Structure formats: structure tokens, C-alpha cells
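Undergrad: Following this line is final_15.txt, made up of compact mmCIF, C-alpha atoms:
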```
# COMPACT_ATOMS: atom_id res chain seq x y z
CA PRO A 83 -90.18 61.18 29.93
CA VAL A 84 -91.40 64.05 27.80
CA PRO A 85 -91.91 67.23 29.87
CA HIS A 86 -95.60 68.18 30.12
CA TRP A 87 -95.04 71.40 28.25
CA HIS A 88 -93.77 69.47 25.27
CA GLN A 89 -96.41 66.78 25.27
CA GLY A 90 -98.12 66.30 21.97
CA GLN A 91 -95.91 68.83 20.21
CA HIS A 92 -94.07 68.17 17.04
CA LEU A 93 -90.41 68.66 17.80
CA PRO A 94 -87.92 69.54 15.12
CA GLY A 95 -85.58 66.59 14.95
CA PRO A 96 -84.26 64.38 17.74
CA VAL A 97 -84.09 65.94 21.18
CA SER A 98 -81.99 64.88 24.10
CA TRP A 99 -84.27 64.96 27.13
CA LEU A 100 -81.31 65.02 29.41
CA LYS A 101 -80.23 68.34 27.98
CA MET A 102 -83.69 69.86 28.21
CA PRO A 103 -83.67 72.96 30.39
CA ALA A 104 -85.98 73.33 33.34
CA TYR A 105 -89.29 75.06 32.78
CA GLU A 106 -88.20 78.36 34.26
CA ASP A 107 -84.90 78.35 32.38
CA ARG A 108 -86.40 78.20 28.92
CA ARG A 109 -85.24 80.95 26.61
CA PHE A 110 -87.71 82.44 24.18
CA VAL A 111 -87.31 84.64 21.19
CA GLU A 112 -89.09 87.62 22.68
CA ILE A 113 -88.87 91.36 22.87
CA GLY A 114 -86.05 92.28 25.20
CA ARG A 115 -84.20 88.98 24.89
CA VAL A 116 -80.42 89.51 24.89
CA CYS A 117 -78.70 87.39 22.26
CA LEU A 118 -75.13 86.64 21.25
CA VAL A 119 -74.38 87.16 17.57
CA ASN A 120 -72.65 84.02 16.34
CA PHE A 121 -72.00 84.83 12.68
CA GLY A 122 -70.85 87.73 10.59
CA ALA A 123 -68.96 90.93 11.23
CA ASN A 124 -70.51 91.44 14.67
CA ALA A 125 -69.89 87.89 15.86
CA GLY A 126 -69.26 87.63 19.58
CA LYS A 127 -71.27 90.72 20.55
CA LEU A 128 -74.49 90.97 22.54
CA VAL A 129 -77.65 92.44 21.01
CA VAL A 130 -81.21 92.98 22.18
CA ILE A 131 -84.31 91.86 20.30
CA ILE A 132 -86.52 94.89 19.70
CA ASN A 133 -89.22 93.23 17.65
CA VAL A 134 -90.03 89.97 15.97
CA ILE A 135 -90.65 90.07 12.22
CA ASP A 136 -91.50 86.49 11.38
CA ASN A 137 -90.44 83.04 12.46
CA LYS A 138 -87.02 83.52 10.93
CA ARG A 139 -86.09 87.15 11.46
CA VAL A 140 -85.99 89.67 14.26
CA LEU A 141 -85.25 93.34 14.63
CA ILE A 142 -82.24 93.86 16.87
CA ASP A 143 -80.32 96.74 18.35
CA GLY A 144 -76.87 96.80 19.99
CA PRO A 145 -77.92 99.10 21.67
CA SER A 146 -76.11 101.26 19.16
CA THR A 147 -74.80 103.63 21.85
CA VAL A 148 -73.31 100.70 23.76
CA ASN A 149 -72.21 98.29 21.05
CA GLY A 150 -72.06 100.31 17.89
CA ILE A 151 -74.41 97.78 16.29
CA PRO A 152 -77.17 99.81 14.63
CA ARG A 153 -80.81 98.78 14.62
CA GLN A 154 -81.26 96.19 11.93
CA VAL A 155 -82.94 93.00 10.86
CA MET A 156 -81.10 89.83 11.70
CA PRO A 157 -82.00 86.23 10.97
CA LEU A 158 -82.45 84.08 14.07
CA LYS A 159 -79.90 81.70 12.66
CA ARG A 160 -77.22 84.25 13.49
CA LEU A 161 -78.29 84.62 17.09
CA SER A 162 -77.78 82.48 20.15
CA LEU A 163 -80.24 83.26 22.94
CA THR A 164 -78.84 84.08 26.35
CA GLY A 165 -80.67 83.88 29.67
CA ILE A 166 -80.71 87.66 30.07
CA LYS A 167 -83.77 89.80 29.37
CA VAL A 168 -84.27 93.55 29.13
CA ASN A 169 -87.60 95.10 30.04
CA ILE A 170 -88.70 97.05 26.98
CA CYS A 171 -91.79 97.54 24.86
CA PRO A 172 -91.82 96.50 21.21
CA GLY A 173 -89.90 98.92 19.00
CA ALA A 174 -88.35 100.74 21.93
CA ARG A 175 -86.21 103.62 20.81
CA ILE A 176 -82.59 104.08 21.60
CA THR A 177 -82.79 106.21 24.75
CA THR A 178 -85.39 103.97 26.40
CA LEU A 179 -83.52 100.90 25.30
CA ALA A 180 -80.21 102.16 26.65
CA LYS A 181 -81.83 102.99 29.98
CA ALA A 182 -83.45 99.59 30.27
CA TYR A 183 -80.19 97.92 29.19
CA ALA A 184 -78.27 99.71 31.95
CA ALA A 185 -81.00 98.95 34.49
CA ALA A 186 -80.85 95.25 33.68
CA GLU A 187 -77.02 95.31 34.18
CA VAL A 188 -76.56 93.19 31.11
CA PRO A 189 -72.75 93.38 30.72
CA LYS A 190 -72.25 92.46 34.37
CA LYS A 191 -74.65 89.51 34.23
CA TRP A 192 -73.07 88.34 31.01
CA ALA A 193 -69.55 88.45 32.40
CA GLU A 194 -70.66 86.41 35.41
CA SER A 195 -72.22 83.69 33.28
CA SER A 196 -70.24 80.52 32.71
CA TRP A 197 -70.88 80.89 28.99
CA ALA A 198 -68.93 84.16 28.83
CA LYS A 199 -66.24 82.76 31.10
CA GLY A 200 -65.82 79.80 28.80
CA ILE A 201 -65.47 82.06 25.78
CA ALA A 202 -62.85 84.15 27.57
CA LYS A 203 -60.97 81.02 28.63
CA ARG A 204 -60.81 79.66 25.10
CA ALA A 205 -59.71 83.04 23.73
CA ALA A 206 -56.92 83.26 26.29
CA LYS A 207 -55.80 79.73 25.49
CA ALA A 208 -55.59 80.57 21.78
CA GLN A 209 -53.24 83.44 22.54
CA LEU A 210 -50.71 81.35 24.43
CA SER A 211 -47.19 81.31 23.04
CA ASP A 212 -45.13 78.15 22.73
CA PHE A 213 -43.32 78.97 25.98
CA ASP A 214 -46.64 79.65 27.73
CA ARG A 215 -47.98 76.30 26.63
CA PHE A 216 -44.88 74.66 28.09
CA LYS A 217 -45.40 76.44 31.40
CA VAL A 218 -49.05 75.40 31.47
CA MET A 219 -48.03 71.81 30.87
CA VAL A 220 -45.52 71.94 33.73
CA ALA A 221 -48.15 73.49 36.01
CA ARG A 222 -50.70 70.78 35.21
CA LYS A 223 -48.13 68.07 35.83
CA THR A 224 -47.06 69.53 39.18
CA ARG A 225 -50.69 69.90 40.24
CA ALA A 226 -51.49 66.36 39.19
CA ARG A 227 -48.48 65.05 41.09
CA VAL A 228 -49.54 66.80 44.28
CA ILE A 229 -53.13 65.57 43.95
CA ASN A 230 -52.10 62.02 43.15
CA SER A 231 -49.72 61.82 46.08
CA ILE A 232 -52.50 62.89 48.46
CA VAL A 233 -54.94 60.43 46.89
CA LYS A 234 -52.43 57.63 47.14
CA LYS A 235 -51.73 58.44 50.74
CA SER A 236 -55.40 58.40 51.64
CA LEU A 237 -55.89 55.10 49.76
CA LYS A 238 -52.91 53.59 51.55
CA LYS A 239 -54.34 54.54 54.90
CA LYS A 240 -57.48 52.61 54.10
CA GLU B 294 -79.75 101.37 -59.54
CA TRP B 295 -77.93 103.45 -57.06
CA PRO B 296 -78.62 107.13 -57.32
CA ASN B 297 -75.62 108.91 -58.66
CA SER B 298 -75.18 112.02 -56.65
CA GLN B 299 -73.06 113.62 -59.31
CA GLU B 300 -75.75 113.51 -61.95
CA GLY B 301 -77.60 116.53 -63.04
CA HIS B 302 -77.73 118.63 -59.92
CA GLU B 303 -76.59 122.10 -60.53
CA GLY B 304 -74.75 123.63 -57.68
CA ASN B 305 -74.60 120.29 -55.94
CA SER B 306 -71.99 120.32 -53.26
CA GLU B 307 -70.59 116.99 -54.43
CA SER B 308 -69.41 118.43 -57.68
CA MET B 309 -67.62 121.37 -56.16
CA PRO B 310 -63.92 121.37 -55.55
CA ALA B 311 -63.11 120.61 -51.98
CA SER B 312 -61.69 124.02 -51.18
CA GLN B 313 -64.96 125.72 -51.89
CA LYS B 314 -67.20 123.14 -50.36
CA GLY B 315 -68.98 123.75 -47.12
CA LEU B 316 -67.47 127.11 -46.36
CA THR B 317 -68.40 128.34 -42.94
CA PRO B 318 -67.33 131.49 -41.20
CA LYS B 319 -64.80 129.47 -39.27
CA GLY B 320 -63.13 128.02 -42.30
CA THR B 321 -63.28 131.11 -44.44
CA LYS B 322 -60.17 132.17 -46.25
CA CYS B 323 -59.63 135.87 -46.01
CA ASP B 324 -60.22 137.74 -49.16
CA VAL B 325 -56.95 139.55 -49.22
CA GLY B 326 -55.84 142.52 -51.17
CA PRO B 327 -53.46 142.44 -54.14
CA LYS B 328 -51.10 139.55 -53.80
CA LYS B 329 -47.63 140.71 -52.98
CA LYS B 330 -45.85 137.49 -53.66
CA ALA B 331 -46.74 134.62 -55.81
CA GLY B 332 -46.40 132.10 -52.99
CA ALA B 333 -47.18 128.45 -53.33
CA ARG B 334 -50.66 129.01 -52.11
CA ALA B 335 -51.32 131.69 -54.66
CA VAL B 336 -50.05 129.53 -57.45
CA LYS B 337 -52.26 126.72 -56.33
CA ARG B 338 -55.24 128.94 -56.21
CA ALA B 339 -54.48 130.34 -59.62
CA ASN B 340 -54.18 126.88 -61.05
CA LYS B 341 -57.52 125.80 -59.73
CA LYS B 342 -60.09 125.62 -62.36
CA THR B 343 -62.90 127.88 -61.43
CA THR B 344 -65.82 127.19 -63.60
CA LYS B 345 -68.61 129.57 -64.22
CA HIS B 346 -70.95 127.76 -61.98
CA THR B 347 -68.55 127.64 -59.04
CA VAL B 348 -68.14 131.40 -59.22
CA LEU B 349 -71.87 131.73 -59.42
CA HIS B 350 -72.31 129.50 -56.45
CA ARG B 351 -69.78 131.40 -54.46
CA ALA B 352 -71.47 134.67 -55.24
CA LYS B 353 -74.77 133.22 -54.14
CA ALA B 354 -73.22 132.03 -50.91
CA ILE B 355 -71.82 135.48 -50.13
CA VAL B 356 -75.17 137.06 -50.84
CA ASN B 357 -76.93 134.50 -48.68
CA GLY B 358 -74.57 135.20 -45.82
CA GLN B 359 -73.03 131.76 -45.97
CA ILE B 360 -69.60 133.16 -46.58
CA VAL B 361 -68.70 135.84 -44.15
CA LYS B 362 -65.54 137.85 -44.37
CA LYS B 363 -63.48 137.34 -41.29
CA VAL B 364 -63.30 140.73 -39.66
CA HIS B 365 -60.54 141.52 -37.28
CA ALA B 366 -60.76 144.07 -34.53
CA PRO B 367 -59.98 147.56 -35.92
CA SER B 368 -56.81 147.77 -33.84
CA VAL B 369 -55.56 144.51 -35.22
CA PRO B 370 -54.49 144.83 -38.81
CA ALA B 371 -55.79 142.21 -41.19
CA GLY B 372 -53.95 140.68 -44.01
CA ARG B 373 -51.34 138.04 -44.59
CA SER B 374 -48.39 140.25 -43.87
CA ALA B 375 -49.95 141.30 -40.60
CA SER B 376 -50.60 137.70 -39.62
CA PHE B 377 -47.07 136.81 -40.51
CA LYS B 378 -45.73 139.56 -38.34
CA ARG B 379 -47.95 138.44 -35.52
CA GLY B 380 -46.50 135.00 -35.57
CA GLY B 381 -43.10 134.91 -34.04
CA SER B 382 -41.29 132.78 -36.57
CA TRP B 383 -39.68 135.73 -38.42
CA ALA B 384 -38.04 136.80 -35.17
CA VAL B 385 -36.62 133.35 -34.52
CA LYS B 386 -35.20 133.31 -38.00
CA ALA B 387 -33.76 136.78 -37.66
CA LYS B 388 -32.07 135.76 -34.45
CA ASN B 389 -30.40 132.86 -36.19
CA GLY B 390 -29.21 134.88 -39.11
CA GLY B 391 -32.03 134.35 -41.54
CA LYS B 392 -32.21 130.60 -41.18
CA TRP B 393 -34.24 128.39 -39.00
CA PRO B 394 -32.10 127.09 -36.07
CA THR B 395 -31.03 123.47 -36.37
CA HIS B 396 -29.31 121.13 -33.95
CA ALA B 397 -26.17 119.41 -34.97
CA LYS B 398 -27.09 115.93 -36.00
CA LYS B 399 -25.93 113.18 -33.68
CA ALA B 400 -23.02 111.46 -35.27
CA VAL B 401 -24.12 107.89 -35.78
CA GLU B 402 -21.11 105.68 -35.60
CA LYS B 403 -21.17 103.17 -38.31
CA LYS B 404 -19.75 100.00 -36.89
CA GLU B 405 -17.44 98.27 -39.25
CA THR B 406 -18.67 94.74 -39.20
CA LYS B 407 -16.35 92.38 -40.87
CA ALA B 408 -17.54 88.96 -41.70
CA PRO B 409 -16.14 86.53 -39.11
CA ARG B 410 -13.48 84.15 -40.28
CA TYR B 411 -15.25 81.20 -38.82
CA TYR B 412 -18.79 80.44 -37.87
CA PRO B 413 -20.45 77.18 -36.98
CA ALA B 414 -22.33 75.16 -39.55
CA GLU B 415 -25.47 75.26 -37.46
CA ASP B 416 -26.69 78.02 -35.24
CA ILE B 417 -25.69 77.61 -31.65
CA PRO B 418 -28.72 78.38 -29.49
CA LYS B 419 -28.02 81.28 -27.23
CA PRO B 420 -29.32 80.73 -23.70
CA PHE B 421 -31.73 83.27 -22.30
CA ASP B 422 -30.48 85.78 -19.76
CA ARG B 423 -30.79 84.34 -16.31
CA ARG B 424 -32.11 86.26 -13.36
CA LYS B 425 -29.58 88.84 -12.33
CA ASN B 426 -29.85 88.86 -8.56
CA VAL B 427 -29.53 85.15 -8.07
CA ASN B 428 -26.98 85.38 -5.31
CA LYS B 429 -28.89 87.58 -2.90
CA SER B 430 -28.95 85.99 0.53
CA ALA B 431 -32.30 85.18 2.08
CA LYS B 432 -34.15 88.01 3.74
CA LEU B 433 -34.36 87.41 7.46
CA ARG B 434 -37.90 87.16 8.79
CA SER B 435 -38.82 90.07 11.02
CA SER B 436 -39.79 87.64 13.78
CA ILE B 437 -36.20 86.32 13.98
CA THR B 438 -33.83 88.52 16.00
CA PRO B 439 -30.66 87.59 17.90
CA GLY B 440 -31.76 85.64 20.95
CA THR B 441 -35.00 84.29 19.51
CA VAL B 442 -35.86 80.74 20.44
CA LEU B 443 -36.37 78.76 17.25
CA ILE B 444 -38.00 75.39 16.75
CA LEU B 445 -36.11 73.20 14.30
CA LEU B 446 -38.38 71.34 11.93
CA THR B 447 -36.02 69.12 9.95
CA GLY B 448 -32.68 67.46 10.19
CA ARG B 449 -30.88 65.66 12.92
CA PHE B 450 -32.20 67.98 15.64
CA MET B 451 -35.82 68.02 14.53
CA GLY B 452 -38.14 69.30 17.25
CA LYS B 453 -35.44 70.90 19.35
CA ARG B 454 -35.70 74.41 20.61
CA VAL B 455 -32.53 76.41 20.01
CA VAL B 456 -31.28 79.95 20.37
CA PHE B 457 -30.66 82.07 17.27
CA LEU B 458 -27.37 83.99 17.23
CA LYS B 459 -26.95 85.66 13.86
CA GLN B 460 -27.51 85.34 10.15
CA LEU B 461 -24.45 84.42 8.11
CA GLU B 462 -23.56 85.77 4.69
CA SER B 463 -24.94 82.78 2.88
CA GLY B 464 -28.33 83.47 4.45
CA LEU B 465 -28.16 80.54 6.84
CA LEU B 466 -28.87 81.08 10.50
CA LEU B 467 -26.24 80.45 13.14
CA VAL B 468 -27.81 78.73 16.15
CA THR B 469 -26.69 77.01 19.30
CA GLY B 470 -28.58 74.68 21.70
CA PRO B 471 -26.81 75.63 23.92
CA PHE B 472 -24.95 72.37 23.65
CA LYS B 473 -25.11 71.49 27.34
CA VAL B 474 -28.84 72.09 27.39
CA ASN B 475 -30.09 70.10 24.42
CA GLY B 476 -27.10 68.77 22.52
CA VAL B 477 -27.30 71.16 19.58
CA PRO B 478 -23.84 72.63 18.86
CA LEU B 479 -23.01 75.81 17.00
CA ARG B 480 -24.72 75.01 13.75
CA ARG B 481 -26.02 76.53 10.56
CA ILE B 482 -29.68 76.18 9.71
CA ASN B 483 -31.87 77.28 6.87
CA GLN B 484 -34.50 79.82 7.80
CA ALA B 485 -37.14 77.93 5.87
CA TYR B 486 -37.04 74.93 8.20
CA VAL B 487 -37.56 76.85 11.36
CA ILE B 488 -40.45 78.20 13.41
CA ALA B 489 -39.65 81.43 15.19
CA THR B 490 -41.23 81.66 18.64
CA SER B 491 -41.92 84.89 20.41
CA THR B 492 -39.57 83.97 23.27
CA LYS B 493 -36.31 85.90 23.33
CA VAL B 494 -33.12 85.27 25.29
CA PRO B 495 -30.91 88.31 25.94
CA VAL B 496 -27.66 87.72 24.00
CA ASP B 497 -25.82 90.95 24.77
CA GLY B 498 -22.70 89.35 26.18
CA VAL B 499 -22.26 86.80 23.40
CA ASN B 500 -19.53 87.42 20.82
CA VAL B 501 -20.31 85.73 17.53
CA SER B 502 -18.19 87.85 15.22
CA LYS B 503 -15.66 85.10 14.51
CA PHE B 504 -18.25 82.72 13.06
CA ASP B 505 -18.88 82.78 9.34
CA ASP B 506 -19.55 80.32 6.55
CA ALA B 507 -15.87 79.48 6.15
CA TYR B 508 -15.76 78.32 9.78
CA PHE B 509 -18.34 75.67 8.96
CA ALA B 510 -16.91 74.58 5.62
CA LYS B 511 -16.36 70.86 5.27
CA ILE B 512 -12.73 69.78 5.31
CA LYS B 513 -12.09 67.84 2.12
CA ALA B 514 -10.43 64.54 2.90
CA LYS B 515 -7.51 63.49 0.73
CA LYS B 516 -8.41 60.74 -1.65
CA THR B 517 -5.97 57.86 -1.27
CA LYS B 518 -5.58 55.65 -4.25
CA THR B 519 -5.56 52.11 -3.04
CA ALA B 520 -6.59 48.81 -4.45
CA ASP B 521 -9.72 48.91 -2.31
CA GLY B 522 -10.58 52.26 -3.79
CA PHE B 523 -13.71 51.01 -5.48
CA PHE B 524 -15.19 49.54 -2.37
CA ALA B 525 -16.80 51.72 0.21
CA THR B 526 -14.31 52.24 2.94
CA GLU B 527 -15.12 53.50 6.37
CA GLU B 528 -14.88 57.23 6.29
CA LYS B 529 -12.68 58.37 9.06
CA LYS B 530 -14.55 60.87 11.10
CA GLU B 531 -12.21 63.51 12.32
CA PRO B 532 -12.59 64.09 16.03
CA LEU B 533 -13.91 67.52 16.93
CA SER B 534 -11.10 69.98 17.25
CA ASP B 535 -10.36 71.56 20.60
CA ALA B 536 -10.77 74.97 19.03
CA ARG B 537 -14.36 74.14 18.16
CA LYS B 538 -15.06 72.92 21.67
CA ALA B 539 -13.57 76.07 23.13
CA ASP B 540 -15.69 78.24 20.86
CA GLN B 541 -18.80 76.35 21.88
CA LYS B 542 -18.01 76.82 25.56
CA ALA B 543 -17.28 80.50 25.13
CA VAL B 544 -20.67 81.15 23.55
CA ASP B 545 -22.69 78.82 25.73
CA SER B 546 -21.41 79.92 29.11
CA VAL B 547 -22.72 83.42 28.58
CA LEU B 548 -25.94 82.15 27.11
CA ILE B 549 -26.76 79.68 29.85
CA ALA B 550 -26.23 82.37 32.48
CA ALA B 551 -28.74 84.56 30.63
CA ILE B 552 -31.19 81.65 30.23
CA LYS B 553 -31.16 80.77 33.90
CA LYS B 554 -32.50 84.19 34.78
CA THR B 555 -35.91 83.33 33.36
CA GLU B 556 -37.85 80.67 35.20
CA PHE B 557 -38.67 77.53 33.23
CA LEU B 558 -36.62 78.69 30.22
CA LEU B 559 -33.90 76.08 30.71
CA PRO B 560 -36.29 73.11 30.90
CA TYR B 561 -38.19 74.69 27.99
CA LEU B 562 -35.06 74.56 25.82
CA ARG B 563 -34.48 71.02 26.99
CA SER B 564 -37.90 69.90 25.81
CA HIS B 565 -39.03 68.86 22.34
CA PHE B 566 -41.74 70.39 20.28
CA THR B 567 -44.51 68.03 19.23
CA LEU B 568 -48.02 68.27 17.89
CA THR B 569 -50.72 66.62 19.94
CA ASN B 570 -54.24 65.67 19.01
CA SER B 571 -56.03 68.97 19.50
CA ASP B 572 -53.25 71.13 18.06
CA LYS B 573 -54.02 73.01 14.88
CA PRO B 574 -50.66 74.28 13.57
CA HIS B 575 -52.23 77.04 11.50
CA GLU B 576 -53.98 78.35 14.61
CA LEU B 577 -51.15 77.87 17.08
CA LYS B 578 -49.45 81.01 18.24
CA PHE B 579 -45.71 80.63 18.73
```
So that I can check it, write out the structure of this file as C-alpha cells.
TA:
Amino acid sequence: PVPHWHQGQHLPGPVSWLKMPAYEDRRFVEIGRVCLVNFGANAGKLVVIINVIDNKRVLIDGPSTVNGIPRQVMPLKRLSLTGIKVNICPGARITTLAKAYAAAEVPKKWAESSWAKGIAKRAAKAQLSDFDRFKVMVARKTRARVINSIVKKSLKKK
Amino acid sequence: EWPNSQEGHEGNSESMPASQKGLTPKGTKCDVGPKKKAGARAVKRANKKTTKHTVLHRAKAIVNGQIVKKVHAPSVPAGRSASFKRGGSWAVKAKNGGKWPTHAKKAVEKKETKAPRYYPAEDIPKPFDRRKNVNKSAKLRSSITPGTVLILLTGRFMGKRVVFLKQLESGLLLVTGPFKVNGVPLRRINQAYVIATSTKVPVDGVNVSKFDDAYFAKIKAKKTKTADGFFATEEKKEPLSDARKADQKAVDSVLIAAIKKTEFLLPYLRSHFTLTNSDKPHELKF
């Protein structure tokens, strides 16, 4: 069933209704929205939307004192929206922005999110040496053996 | 009809001799006093045909300020003899006894080339010079140091993880399983067919000085001439000498003791290396 807030709207391409977020979890391109850069030299870093230019581009800032990413225009295609928002007015300057950024505790909230944890997990996995991969394999096997023995025992009891 | 520049113009610069053409203060020849010597220059000048109109032109030029006498500073004497003295060449000559100094000419040895008594009817093509440093042994990768665990990629022991001992003179790597762990004996391997992992085994106590390429040379079997010589006979495989077995034990015993100190390292060396579905070899870190 199409959610009421999408009724009658033209949607771009096929949409999986099962993956639709709840009403309160929708993420908008808005002033103060924290985004993850997913392309280019700054890929993997968080930025804040300072202003919206048109339907394809936004003005973003690192903030430059936190990230080193200067205020610049970025196409929305390069940004992935997170669930974090910073309370700023359009075109907020660096000192106000940095204050609001710190007040919103953005790095802490980001680190706690499962998205960031997943990224960290994959990065750690990519750094494993051949020996480490062997040890991981042994650990998974031992764990599986323990679990399976308990499961079998409980099944046998029944 | 092309205009002929030489026609008709009196005092035209094109008709003037080159030495008098376009005289500027820079290029002016000093009007010197009475000539002391009839040098080559003077003779040349005397031989030049000065027509009436060239003299006239020159006079006009002087009057018009186009030819300016080069004036030296009052302290500096003018004149050819003064200029000659100023230049240092007379001093160099004087030093060398009136002549300009010359170096002894390098004696060029004239090689006596006799015609050879024999030469082939057709030219024998001379091969080009081959590369000079052909026999340099392979440079060892910086990631491979004694004790590194290597993954073998080809050959009988493909996929096995072995311990690197040292590089031999031929450039091949000397490795061992150890034999008791994965069945790889003391063996030579080419660096190109090996992945170096970042895992290292401490090999301080291992003595590998006696092993070199000669140790691993194949023993040539004597060819016996028999009637069945043409047919493929079973090659007798020589049983492994006791000396070889002893060497293997000597190296391995120390190694295995060192391996056992790290947890999981022994079963790691026992295992094979394989690629599974999600593995991307160019992204794997070893």
C-alpha cells in the first residue's frame, strides 16, 4: 500500500515499499542536513548543507575547521543523506556553524549509527592479512561448532 | 618590370661598396694617423676603388653627423698601436719567445692494416651486441626477508604456505615447509611464483650457510647403452640420501620450535591458500 504522503505523486522509477522509511525517519535535503560525501577526493567525510542552490546542487561546508572541507558547491549526486541534522540558518558562517555542529554532537551520533559501524567493519576487514583471515576462519568455525552442539542438544531433548 | 634598385640613383646605398655602407658610430673605423706598417688591412683599403662619388658621399655623411669619429677618453690613447698594446696577445707571444704557444700534436698512430689472407665470399652477418648484465640475479622483493611466510603459486606444492630461508646465488629462493608441517622439503623456488605475506617467523637459530645451488643440482644418471635404449625405460629414482634428511631435520627442528611460539601459526602453515567467491586478489592484503 502506498503511504499517504506519497499518494498521487509521481515517483522516480520503481520503489520498494518494504524499504520505505517511516514518516518521521524521512531524510530531506535541507539546511543543516549532515551528509556523507560518497565520491571524489573527500569521499567518506561528513559535510553539512548550508544552502540549497537548485534541485541538483547544494552549498556545503565541512565545517572547514572540523573537516578541512571548505565551503563549496556540491552536486547532490555526490552526497548521501544521513539522519543527523544541525540547527543553523541558511548561509550560516563558520563560527556559528561550528558551534551548532558541536552542539548537535554530530561525530558522536555518527559513530553510534549502524551505518558508520558497518563502514568501519568493512574497512577493518579489508586490512586483514592472510594470517588474520585464517584466524578469523578458525574463530568462526569454533563458534559455529559450539552453537551447533548446543542446538543439537536442545533438539535431541525434544 | 621589376624596379632595378641600381639604376640611376646617385648616392644610392646599394651601389656603394659594403665597407662604406651604413656606417654608424658603432661600426666606424677609426681615422688613424699616418700608417706605420702596410698591413693586410691597409693594402686592402688601398686597393679598394674609391670613386669620386663615394668620397663625396662620405664627406656628406661626416658633415651630416652620420659618421662620427670614435673618441676615446683622454687618458686612454687612441690609435692602432695603442689598441694593440691594450690587448694582451703581444705579452703572450713575448712569453713564448716571439711565437704563439702551441701544444704538441697528439701522435695519431697509423694502424698498419694488411689485407687479410682469407675472407669469406659473402659477408658474414655480425650479431648485435647482447645486453651486458644478463647474468645478474633477481633482485629480492623488499617484502621478502628471512622468515617470511610465502604462498607458493605454481608447481607441485601450489597453494602451500612455506617459510623463506634465504636467496641463493642464482636468484632462487630457498624455502622449507617445514617438512613435518606441510610436506615441503628444503627446496628452491622462483620469486616470481610466490606471494609474500606479512607474517614473519623468527629464524635466528637456523643455519642455512651450507645450502647453495650446487647442493640442489641434479645428479646426472649414467646412460647405459642397451638394446632397449630406444624405448622409454623406467627411470630409477634414487632414494633420498641420509645427508639430505639430516639437513632437513636440522633446519626444521629449530624452525618448528620458533613456529610453535605463535598461536595458530602451525595450523596456518598446514593449511592451503585458496580463493573463494568474494575474494578479489588485487584487493586482498597479504
Undergrad: Compile the residues of chain B that lie within 10 Å of chain A, evaluated using all atoms listed in the file, and express the compilation as an mmCIF file with C-alpha atoms, in the frame of the given file.
TA:
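Done, and the output landed in out.cif:
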```
data_model
loop_
_atom_site.group_PDB
_atom_site.id
_atom_site.type_symbol
_atom_site.label_atom_id
_atom_site.label_comp_id
_atom_site.auth_asym_id
_atom_site.auth_seq_id
_atom_site.Cartn_x
_atom_site.Cartn_y
_atom_site.Cartn_z
ATOM 1 C CA VAL B 442 -35.860 80.740 20.440
ATOM 2 C CA ILE B 444 -38.000 75.390 16.750
ATOM 3 C CA ALA B 489 -39.650 81.430 15.190
ATOM 4 C CA THR B 490 -41.230 81.660 18.640
ATOM 5 C CA SER B 491 -41.920 84.890 20.410
ATOM 6 C CA THR B 492 -39.570 83.970 23.270
ATOM 7 C CA GLU B 556 -37.850 80.670 35.200
ATOM 8 C CA PHE B 557 -38.670 77.530 33.230
ATOM 9 C CA LEU B 558 -36.620 78.690 30.220
ATOM 10 C CA PRO B 560 -36.290 73.110 30.900
ATOM 11 C CA TYR B 561 -38.190 74.690 27.990
ATOM 12 C CA LEU B 562 -35.060 74.560 25.820
ATOM 13 C CA SER B 564 -37.900 69.900 25.810
ATOM 14 C CA PHE B 566 -41.740 70.390 20.280
ATOM 15 C CA GLU B 576 -53.980 78.350 14.610
ATOM 16 C CA LEU B 577 -51.150 77.870 17.080
ATOM 17 C CA LYS B 578 -49.450 81.010 18.240
ATOM 18 C CA PHE B 579 -45.710 80.630 18.730
#
```
Undergrad: Quick one: of A:Ser195, A:Asn169, A:Asn149, A:Thr224, who's nearest to Ala125 in chain A, counting all atoms listed in the file?
TA: A:Asn149
Undergrad: Interatomic distance between CA of Gly452 in chain B and CA of Ile549 in chain B?
TA: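 Straight-line distance from CA of Gly452 in chain B to CA of Ile549 in chain B works out to 19.9 Å.
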Undergrad: Report, in Å to a single decimal, how far apart CA of Lys127 in chain A and CA of Met156 in chain A are.
TA: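 It comes out at 13.3 Å.
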Undergrad: Please provide as a list in words all residues within 6 Å of Ile142 in chain A, with the sequence filter that same-chain residues fewer than 6 positions apart are discarded (counting only C-alpha atoms).
TA: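 The contact residues come out as Val130, Ile131, Ile132, Arg153 and Gln154 of chain A.
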Undergrad: Just write the chosen residues, C-alpha atoms, as a PDB file, in the frame of the given file.
TA:
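Just written: out.pdb:
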```pdb
ATOM      1  CA  VAL A 130     -81.210  92.980  22.180  1.00  0.00           C
ATOM      2  CA  ILE A 131     -84.310  91.860  20.300  1.00  0.00           C
ATOM      3  CA  ILE A 132     -86.520  94.890  19.700  1.00  0.00           C
ATOM      4  CA  ARG A 153     -80.810  98.780  14.620  1.00  0.00           C
ATOM      5  CA  GLN A 154     -81.260  96.190  11.930  1.00  0.00           C
TER       6      GLN A 154
END
```
Undergrad: Skipping near chain neighbours, those fewer than 5 positions away, what residues fall within 8 Å of range 157-166 of chain A using all atoms listed in the file, listed as a list in words?
TA: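 Once the adjacent positions are removed, what remains is Asp107, Arg109, Phe110, Val111, Arg115, Val116, Cys117, Leu118, Val119, Asn120, Phe121, Gly122, Lys138, Arg139, Val140, Val188, Lys191 and Trp192 of chain A.
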Undergrad: For CA of Tyr508 in chain B and CA of Leu461 in chain B, quote the distance in Å rounded to one decimal.
TA: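 Between CA of Tyr508 in chain B and CA of Leu461 in chain B the gap is 10.7 Å.
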Undergrad: Report as JSON, numbers by chain all protein, DNA and RNA residues lying within 7 Å of range 538-545 of chain B, evaluated on all atoms listed in the file, omitting residues in the same chain fewer than 4 positions from it.
TA: {"B": [471, 478, 479, 499, 500, 534, 549]}
Undergrad: Counting all atoms listed in the file, figure out which residue out of B:Arg424, B:Leu548, B:Lys378, B:Phe509 gets nearest to Phe457 in chain B.
TA: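 Of B:Arg424, B:Leu548, B:Lys378, B:Phe509, the one nearest Phe457 in chain B is B:Leu548, counting all atoms listed in the file.
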Undergrad: Taking only C-alpha atoms into account, which of A:Ile232, A:Leu128, A:Ile113, A:Ala226 comes nearest Val168 in chain A?
TA: A:Ile113
Undergrad: Enumerate, as a list in words, the protein, DNA and RNA residues whose atoms approach (-26.8, 79.7, 9.5) to within 6 Å, taking into account only C-alpha atoms and the coordinate frame of the file.
TA: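 Nearby residues: Gln460, Leu461, Leu465, Leu466, Leu467, Arg481 and Ile482 of chain B.
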